[in-house]
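Visitor: Below you'll find the structure I mean.
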Amino acid sequence: MASIIILIGTPDGLRHVAAFSEREAALKPESVIAALARTALPAPVSVRCSDSRLIGRLVRYLADLQMEFMSEKPV
C-alpha cells in the first residue's frame, strides 16, 4: 500500500498518484503537471500522508513547479 497519495485536478478530472517515497512523490506528479496545458495551471493539488512536514514540502514543491511552468514562454 502506498504511503503517499497525491490528487491533481485536471480538466479531464482527478489524477491519483501513489508513491512510497518522497522522491517518487515529487517525480510522478511532475510528469502529470508537465503534460497539462499551461491554461490549466495552476492545478489544484492535495497531498495525503501521515507526515505533515512531508505534506508541506510536497505541496510547496508542486506549487513552485507549476509557477515555473506558468512563467515559461511558449516555444
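Ordered as shown in the C-alpha cells, chains take letters A, B, and onward, while each chain numbers its residues from 1 and ligands are numbered from 1 in the order shown.
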Just the residues within 12 Å of A:Arg23, please, counting only C-alpha atoms, with nothing from its chain fewer than 4 positions along; format it as a list of chain:residue names.
Guide: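 Residues near the query, excluding close chain neighbours: A:Ile4, A:Ala18, A:Ala19, A:Leu27, A:Lys28, A:Pro29, A:Glu30, A:Leu54, A:Arg57, A:Leu58, A:Tyr61.
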Visitor: Per DSSP on the backbone, filter chain A down to the residues in alpha helix (DSSP H) and report them as a PDB file with N, CA and C atoms, in the first residue's frame.
Guide:
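Heads up, here's the output in out01.pdb:
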```
ATOM      1  N   GLU A  22       9.430  10.031  -0.817  1.00  0.00           N
ATOM      2  CA  GLU A  22       9.296  11.450  -1.115  1.00  0.00           C
ATOM      3  C   GLU A  22       9.769  11.755  -2.529  1.00  0.00           C
ATOM      4  N   ARG A  23      10.844  11.134  -2.946  1.00  0.00           N
ATOM      5  CA  ARG A  23      11.365  11.361  -4.301  1.00  0.00           C
ATOM      6  C   ARG A  23      10.354  10.933  -5.357  1.00  0.00           C
ATOM      7  N   GLU A  24       9.810   9.754  -5.174  1.00  0.00           N
ATOM      8  CA  GLU A  24       8.803   9.242  -6.108  1.00  0.00           C
ATOM      9  C   GLU A  24       7.569  10.153  -6.098  1.00  0.00           C
ATOM     10  N   ALA A  25       7.208  10.656  -4.921  1.00  0.00           N
ATOM     11  CA  ALA A  25       6.043  11.527  -4.789  1.00  0.00           C
ATOM     12  C   ALA A  25       6.274  12.884  -5.434  1.00  0.00           C
ATOM     13  N   ALA A  26       7.508  13.272  -5.639  1.00  0.00           N
ATOM     14  CA  ALA A  26       7.810  14.525  -6.334  1.00  0.00           C
ATOM     15  C   ALA A  26       7.873  14.303  -7.846  1.00  0.00           C
ATOM     16  N   LEU A  27       8.453  13.196  -8.272  1.00  0.00           N
ATOM     17  CA  LEU A  27       8.670  12.960  -9.701  1.00  0.00           C
ATOM     18  C   LEU A  27       7.410  12.549 -10.460  1.00  0.00           C
ATOM     19  N   LYS A  28       6.606  11.680  -9.876  1.00  0.00           N
ATOM     20  CA  LYS A  28       5.413  11.199 -10.586  1.00  0.00           C
ATOM     21  C   LYS A  28       4.451  12.339 -10.931  1.00  0.00           C
ATOM     22  N   PRO A  29       4.084  13.214  -9.982  1.00  0.00           N
ATOM     23  CA  PRO A  29       3.159  14.291 -10.334  1.00  0.00           C
ATOM     24  C   PRO A  29       3.773  15.315 -11.284  1.00  0.00           C
ATOM     25  N   GLU A  30       5.102  15.395 -11.281  1.00  0.00           N
ATOM     26  CA  GLU A  30       5.773  16.337 -12.183  1.00  0.00           C
ATOM     27  C   GLU A  30       5.399  16.035 -13.631  1.00  0.00           C
ATOM     28  N   SER A  31       5.345  14.767 -14.000  1.00  0.00           N
ATOM     29  CA  SER A  31       5.001  14.413 -15.379  1.00  0.00           C
ATOM     30  C   SER A  31       3.541  14.711 -15.684  1.00  0.00           C
ATOM     31  N   VAL A  32       2.669  14.550 -14.693  1.00  0.00           N
ATOM     32  CA  VAL A  32       1.250  14.877 -14.890  1.00  0.00           C
ATOM     33  C   VAL A  32       1.101  16.376 -15.120  1.00  0.00           C
ATOM     34  N   ILE A  33       1.753  17.172 -14.282  1.00  0.00           N
ATOM     35  CA  ILE A  33       1.660  18.628 -14.386  1.00  0.00           C
ATOM     36  C   ILE A  33       2.289  19.124 -15.689  1.00  0.00           C
ATOM     37  N   ALA A  34       3.420  18.546 -16.071  1.00  0.00           N
ATOM     38  CA  ALA A  34       4.095  18.958 -17.307  1.00  0.00           C
ATOM     39  C   ALA A  34       3.227  18.707 -18.537  1.00  0.00           C
ATOM     40  N   ALA A  35       2.377  17.697 -18.477  1.00  0.00           N
ATOM     41  CA  ALA A  35       1.534  17.354 -19.624  1.00  0.00           C
ATOM     42  C   ALA A  35       0.299  18.252 -19.744  1.00  0.00           C
ATOM     43  N   SER A  52       3.134  15.432   8.352  1.00  0.00           N
ATOM     44  CA  SER A  52       2.683  16.771   7.974  1.00  0.00           C
ATOM     45  C   SER A  52       3.809  17.614   7.367  1.00  0.00           C
ATOM     46  N   ARG A  53       5.044  17.399   7.793  1.00  0.00           N
ATOM     47  CA  ARG A  53       6.158  18.154   7.190  1.00  0.00           C
ATOM     48  C   ARG A  53       6.385  17.730   5.748  1.00  0.00           C
ATOM     49  N   LEU A  54       6.258  16.453   5.481  1.00  0.00           N
ATOM     50  CA  LEU A  54       6.382  15.949   4.109  1.00  0.00           C
ATOM     51  C   LEU A  54       5.270  16.518   3.237  1.00  0.00           C
ATOM     52  N   ILE A  55       4.062  16.576   3.767  1.00  0.00           N
ATOM     53  CA  ILE A  55       2.949  17.166   3.018  1.00  0.00           C
ATOM     54  C   ILE A  55       3.300  18.598   2.630  1.00  0.00           C
ATOM     55  N   GLY A  56       3.802  19.372   3.587  1.00  0.00           N
ATOM     56  CA  GLY A  56       4.166  20.761   3.315  1.00  0.00           C
ATOM     57  C   GLY A  56       5.233  20.884   2.245  1.00  0.00           C
ATOM     58  N   ARG A  57       6.273  20.043   2.334  1.00  0.00           N
ATOM     59  CA  ARG A  57       7.351  20.092   1.333  1.00  0.00           C
ATOM     60  C   ARG A  57       6.829  19.767  -0.056  1.00  0.00           C
ATOM     61  N   LEU A  58       6.008  18.740  -0.163  1.00  0.00           N
ATOM     62  CA  LEU A  58       5.494  18.339  -1.478  1.00  0.00           C
ATOM     63  C   LEU A  58       4.538  19.384  -2.053  1.00  0.00           C
ATOM     64  N   VAL A  59       3.675  19.941  -1.225  1.00  0.00           N
ATOM     65  CA  VAL A  59       2.745  20.964  -1.705  1.00  0.00           C
ATOM     66  C   VAL A  59       3.527  22.182  -2.195  1.00  0.00           C
ATOM     67  N   ARG A  60       4.539  22.606  -1.432  1.00  0.00           N
ATOM     68  CA  ARG A  60       5.359  23.756  -1.855  1.00  0.00           C
ATOM     69  C   ARG A  60       6.109  23.446  -3.144  1.00  0.00           C
ATOM     70  N   TYR A  61       6.689  22.250  -3.238  1.00  0.00           N
ATOM     71  CA  TYR A  61       7.420  21.870  -4.450  1.00  0.00           C
ATOM     72  C   TYR A  61       6.496  21.881  -5.668  1.00  0.00           C
ATOM     73  N   LEU A  62       5.322  21.287  -5.546  1.00  0.00           N
ATOM     74  CA  LEU A  62       4.406  21.212  -6.684  1.00  0.00           C
ATOM     75  C   LEU A  62       3.848  22.587  -7.044  1.00  0.00           C
ATOM     76  N   ALA A  63       3.651  23.452  -6.067  1.00  0.00           N
ATOM     77  CA  ALA A  63       3.217  24.828  -6.358  1.00  0.00           C
ATOM     78  C   ALA A  63       4.326  25.586  -7.079  1.00  0.00           C
ATOM     79  N   ASP A  64       5.562  25.459  -6.606  1.00  0.00           N
ATOM     80  CA  ASP A  64       6.698  26.119  -7.260  1.00  0.00           C
ATOM     81  C   ASP A  64       6.880  25.603  -8.687  1.00  0.00           C
ATOM     82  N   LEU A  65       6.731  24.299  -8.865  1.00  0.00           N
ATOM     83  CA  LEU A  65       6.857  23.699 -10.188  1.00  0.00           C
ATOM     84  C   LEU A  65       5.825  24.288 -11.146  1.00  0.00           C
ATOM     85  N   GLN A  66       4.596  24.406 -10.681  1.00  0.00           N
ATOM     86  CA  GLN A  66       3.548  24.972 -11.534  1.00  0.00           C
ATOM     87  C   GLN A  66       3.829  26.435 -11.868  1.00  0.00           C
ATOM     88  N   MET A  67       4.310  27.185 -10.892  1.00  0.00           N
ATOM     89  CA  MET A  67       4.654  28.590 -11.151  1.00  0.00           C
ATOM     90  C   MET A  67       5.757  28.679 -12.204  1.00  0.00           C
ATOM     91  N   GLU A  68       6.713  27.772 -12.128  1.00  0.00           N
ATOM     92  CA  GLU A  68       7.803  27.743 -13.112  1.00  0.00           C
ATOM     93  C   GLU A  68       7.253  27.469 -14.515  1.00  0.00           C
ATOM     94  N   PHE A  69       6.363  26.481 -14.627  1.00  0.00           N
ATOM     95  CA  PHE A  69       5.760  26.175 -15.928  1.00  0.00           C
ATOM     96  C   PHE A  69       4.942  27.354 -16.441  1.00  0.00           C
ATOM     97  N   MET A  70       4.209  28.014 -15.556  1.00  0.00           N
ATOM     98  CA  MET A  70       3.365  29.135 -15.968  1.00  0.00           C
ATOM     99  C   MET A  70       4.181  30.325 -16.422  1.00  0.00           C
ATOM    100  N   SER A  71       5.405  30.472 -15.894  1.00  0.00           N
ATOM    101  CA  SER A  71       6.227  31.617 -16.260  1.00  0.00           C
ATOM    102  C   SER A  71       7.050  31.380 -17.526  1.00  0.00           C
TER     103      SER A  71
END
```
Visitor: With only C-alpha atoms as the atoms that count, which of A:Arg48, A:Leu41, A:Glu72, A:Leu36 lies nearest to A:Asp12?
Guide: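 Looking at the shortest contact to A:Asp12, the residue is A:Leu36.
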Visitor: Could you please write out, as a list in words, every residue of chain A that DSSP assigns to strand (DSSP E or B)?
Guide: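 The strand (DSSP E or B) subset of chain A is Ile4, Ile5, Ile6, Leu7, Ile8, Gly9, Thr10, Gly13, Leu14, Arg15, His16, Val17, Ala18, Ala19, Val45, Ser46, Val47 and Arg48 of chain A.
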Visitor: Write to file, as a compact mmCIF listing (two decimals), in the first residue's frame, the residues of the selection just made, with C-alpha atoms.
Guide:
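Once everything was written out, this is out-v6.txt:
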```txt
# COMPACT_ATOMS: atom_id res chain seq x y z
CA ILE A 4 1.75 8.98 -0.04
CA ILE A 5 -1.28 9.84 -2.15
CA ILE A 6 -1.38 12.92 -4.37
CA LEU A 7 -4.52 14.16 -6.10
CA ILE A 8 -4.17 16.56 -9.03
CA GLY A 9 -7.16 18.33 -10.54
CA THR A 10 -7.03 18.36 -14.34
CA GLY A 13 -10.84 15.01 -13.87
CA LEU A 14 -8.77 13.98 -10.87
CA ARG A 15 -5.46 12.17 -11.34
CA HIS A 16 -4.41 9.96 -8.45
CA VAL A 17 -0.70 9.38 -7.89
CA ALA A 18 0.54 6.87 -5.32
CA ALA A 19 4.11 6.82 -4.07
CA VAL A 45 -3.15 19.58 -5.65
CA SER A 46 -3.83 17.61 -2.49
CA VAL A 47 -1.22 15.51 -0.67
CA ARG A 48 -2.15 12.86 1.87
```
Visitor: I'd like to know which of A:Ser3, A:Pro44, A:Ser50, A:Arg38 is closest to A:Lys73, using only C-alpha atoms.
Guide: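 Result for the nearest residue to A:Lys73: A:Arg38.
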